[in-house]
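All remarks here apply to the structure that follows.
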Amino acid sequence: MNRRARLLLGCSFVLLAALAAGTAWALWERSVRVDRRPVLVGNKLVSPRTGVVLKTFDVDSWGFPDRKRPGVFWLGKWIVSAETLTAVERPDRAVSPTFEIDPKCACVVACIDSSERTLWRANLPPRLAGDPTYEATDAGSVVLAGSANDLVALARSDGHEIWHSPGAGLGVCVDGDVVVAHDGGDGLVGRSLATGSELFECDEPSKVARILAIDGDFLVFVGSWTRVHDRRGAVLLDIPCRGADVEPTSGGFLVASTEGIELDDRSGRLVWRNVGLKPYSDEWGRFVYVENGDVIAMAGASRALNLARIGATTGKTLWSARCEPAEGDLRTGYSHEVYAEVRGDHLVVVNQGVASYLEVLDIATGKQRRRFNYPPK
């Protein structure tokens with residue numbers, strides 16, 4: 001082999017070595033790269049790369065991300081910006097009165113401002129003997145006062161009556177221009193928020209425990225069942241499980257129940273069910289969405305956190321992971337507040353409690369990339 005050939009061969013080896021090193025560096029850099037935007041851990045803005053506390057706010061509360069605005073968090077009555085490391089008071093909380101039932105007379109609503117001064121009182125229809133007391137609900141545009149037999153809408157400014165509708169008025173839930181309430185038993189009524197006119201009335205299979213709004217529909221917990229009604233009262237989903245976790249998707253509902261985790265379309269037809277994730281219904285559930293449509297399910301179990309990535313079309317488990325309890329938290333109960341965000345190639349998990357942690361997982365494999373602990377004060 002002549003000198004020129006040896007020189008070309010040597011250059012080829014150097015080029016191949018450089019390419020291999022570059023590939024290895026890219027893979028390593030991907031494994032540790034994390035979106036640099038801070039996350040909120042309790043009342044602290046923290047770097048997900050280094051774990052360093054960048055800013056602490058004098059608020060005794062837990063934080064949550066705004067799903068519609070990346071880099072924005074809710075912290076009690078404050079809105080926190082991860083970009084500017086600042087907090088501003090929420091406009092709806094700056095000068096917001098409270099609406100309560102007067103304990104001395106259950107038929108009166110009191111409106112009290114920040115100075116604890118009574119602004120107005122409004123008389124309500126007398127309750128029937130044995131009925132539960134009235135409940136007051138701030139519906140934004142009006143104040144709603146309801147009992148088992150009446151629902152009254154009052155003006156926020158002076159308490160004058162706007163409309164009065166006989167019938168179910170407990171457990172009030174408002175979504176847009178629709179208000180849904182129950183009668184303390186199995187009766188459910190939907191009304192127009194503007195006029196009080198009845199939109200639907202139906203009987204549930206058992207006593208109604210709670211009503212929640214979920215993206216235009218209503219989630220109703222009924223005895224040992226969980227049901228989803230649309231805005232006209234039609235039943236979209238009937239789940240034979242007490243307190244199932246239900247979250248709307250673009251084409252249906254994700255459900256965590258005693259049967260596992262499943263996807264149902266809006267007609268109630270089962271698309272897929274992952275029975276291997278039955279334990280995820282034991283305490284509570286959260287869903288986080290990956291850009292390709294996959295779902296990451298999170299569930300609390302004894303102070304630890306279990307996670308699983310589920311294929312969007314098949315419902316199969318792609319990986320599972322576990323975040324251990326926060327260091328320094330020796331309690332036996334699980335009373336933390338948790339949220340997670342997809343940050344590019346990673347999943348950032350925040351567990352907030354007496355002791356807190358920030359954990360970063362690889363979105364493709366579920367492997368832990370880093371973890372930072374924040375012990376009790």
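Here's how to read the names in the structure tokens: chain A, B, ... by the order shown, residue numbers from 1 in each chain, ligand numbers from 1 in the order shown.
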
Report task. For range 194-196 of chain A, please output as an MDAnalysis selection string all residues within 7 Å (counting only C-alpha atoms; exclusion window: fewer than 3 positions along the same chain). Result -> chainID A and resid 163:165 177 191

Query raised in the report: Near Ala148 in chain A, counting only C-alpha atoms, which residues have an atom at most 9 Å away, once you skip same-chain residues fewer than 3 positions from it, shown as a list in words?
Result: Arg127, Leu128, Asp131, Pro132, Thr133, Tyr134, Leu151, Gly167, Ala168, Gly169, Leu170, His182, Asp183, Gly184 and Gly185 of chain A

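Pairwise distance (CA of Cys173 in chain A, CA of Asp203 in chain A) equals 17.0 Å.
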
Query raised in the report: If you measure from CA of Arg309 in chain A to CA of Arg370 in chain A, what distance in Å do you get, rounded to one decimal?
Result: 18.7 Å

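Shell of range 230-237 of chain A at 8 Å, with only C-alpha atoms counted and residues fewer than 3 places along the chain excluded, is Val178, Gly190, Leu199, Phe200, Glu201, Cys202, Gly216, Asp217, Phe218, Arg227, Arg266, Ser267 and Gly268 of chain A.
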
Pull N, CA and C atoms from the residues just selected and write them as a PDB file, in the first residue's frame.
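What ended up in result.pdb:
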ATOM      1  N   VAL A 178     -75.300  26.929  30.561  1.00  0.00           N
ATOM      2  CA  VAL A 178     -76.119  25.853  31.111  1.00  0.00           C
ATOM      3  C   VAL A 178     -75.761  25.631  32.574  1.00  0.00           C
ATOM      4  N   GLY A 190     -81.444  20.383  34.101  1.00  0.00           N
ATOM      5  CA  GLY A 190     -80.607  21.346  33.404  1.00  0.00           C
ATOM      6  C   GLY A 190     -81.420  22.569  33.029  1.00  0.00           C
ATOM      7  N   LEU A 199     -84.099  22.987  30.431  1.00  0.00           N
ATOM      8  CA  LEU A 199     -83.583  22.387  29.205  1.00  0.00           C
ATOM      9  C   LEU A 199     -83.791  20.879  29.195  1.00  0.00           C
ATOM     10  N   PHE A 200     -83.663  20.248  30.366  1.00  0.00           N
ATOM     11  CA  PHE A 200     -83.912  18.816  30.466  1.00  0.00           C
ATOM     12  C   PHE A 200     -84.152  18.441  31.915  1.00  0.00           C
ATOM     13  N   GLU A 201     -84.793  17.312  32.104  1.00  0.00           N
ATOM     14  CA  GLU A 201     -85.000  16.727  33.427  1.00  0.00           C
ATOM     15  C   GLU A 201     -84.906  15.219  33.281  1.00  0.00           C
ATOM     16  N   CYS A 202     -84.165  14.577  34.175  1.00  0.00           N
ATOM     17  CA  CYS A 202     -84.034  13.125  34.088  1.00  0.00           C
ATOM     18  C   CYS A 202     -83.854  12.530  35.475  1.00  0.00           C
ATOM     19  N   GLY A 216     -67.907  21.062  28.126  1.00  0.00           N
ATOM     20  CA  GLY A 216     -69.206  21.157  27.479  1.00  0.00           C
ATOM     21  C   GLY A 216     -70.186  20.069  27.853  1.00  0.00           C
ATOM     22  N   ASP A 217     -69.704  19.012  28.508  1.00  0.00           N
ATOM     23  CA  ASP A 217     -70.581  17.955  28.994  1.00  0.00           C
ATOM     24  C   ASP A 217     -70.577  17.975  30.523  1.00  0.00           C
ATOM     25  N   PHE A 218     -71.381  17.091  31.121  1.00  0.00           N
ATOM     26  CA  PHE A 218     -71.487  17.068  32.577  1.00  0.00           C
ATOM     27  C   PHE A 218     -71.236  15.657  33.095  1.00  0.00           C
ATOM     28  N   ARG A 227     -71.680   8.743  35.197  1.00  0.00           N
ATOM     29  CA  ARG A 227     -72.350   8.978  33.919  1.00  0.00           C
ATOM     30  C   ARG A 227     -71.906  10.311  33.323  1.00  0.00           C
ATOM     31  N   ARG A 266     -67.882   9.123  21.491  1.00  0.00           N
ATOM     32  CA  ARG A 266     -68.970   9.915  22.060  1.00  0.00           C
ATOM     33  C   ARG A 266     -70.326   9.226  21.997  1.00  0.00           C
ATOM     34  N   SER A 267     -70.401   8.101  21.301  1.00  0.00           N
ATOM     35  CA  SER A 267     -71.642   7.324  21.308  1.00  0.00           C
ATOM     36  C   SER A 267     -71.630   6.280  22.421  1.00  0.00           C
ATOM     37  N   GLY A 268     -70.511   6.222  23.188  1.00  0.00           N
ATOM     38  CA  GLY A 268     -70.403   5.244  24.256  1.00  0.00           C
ATOM     39  C   GLY A 268     -69.792   3.932  23.827  1.00  0.00           C
TER      40      GLY A 268
END
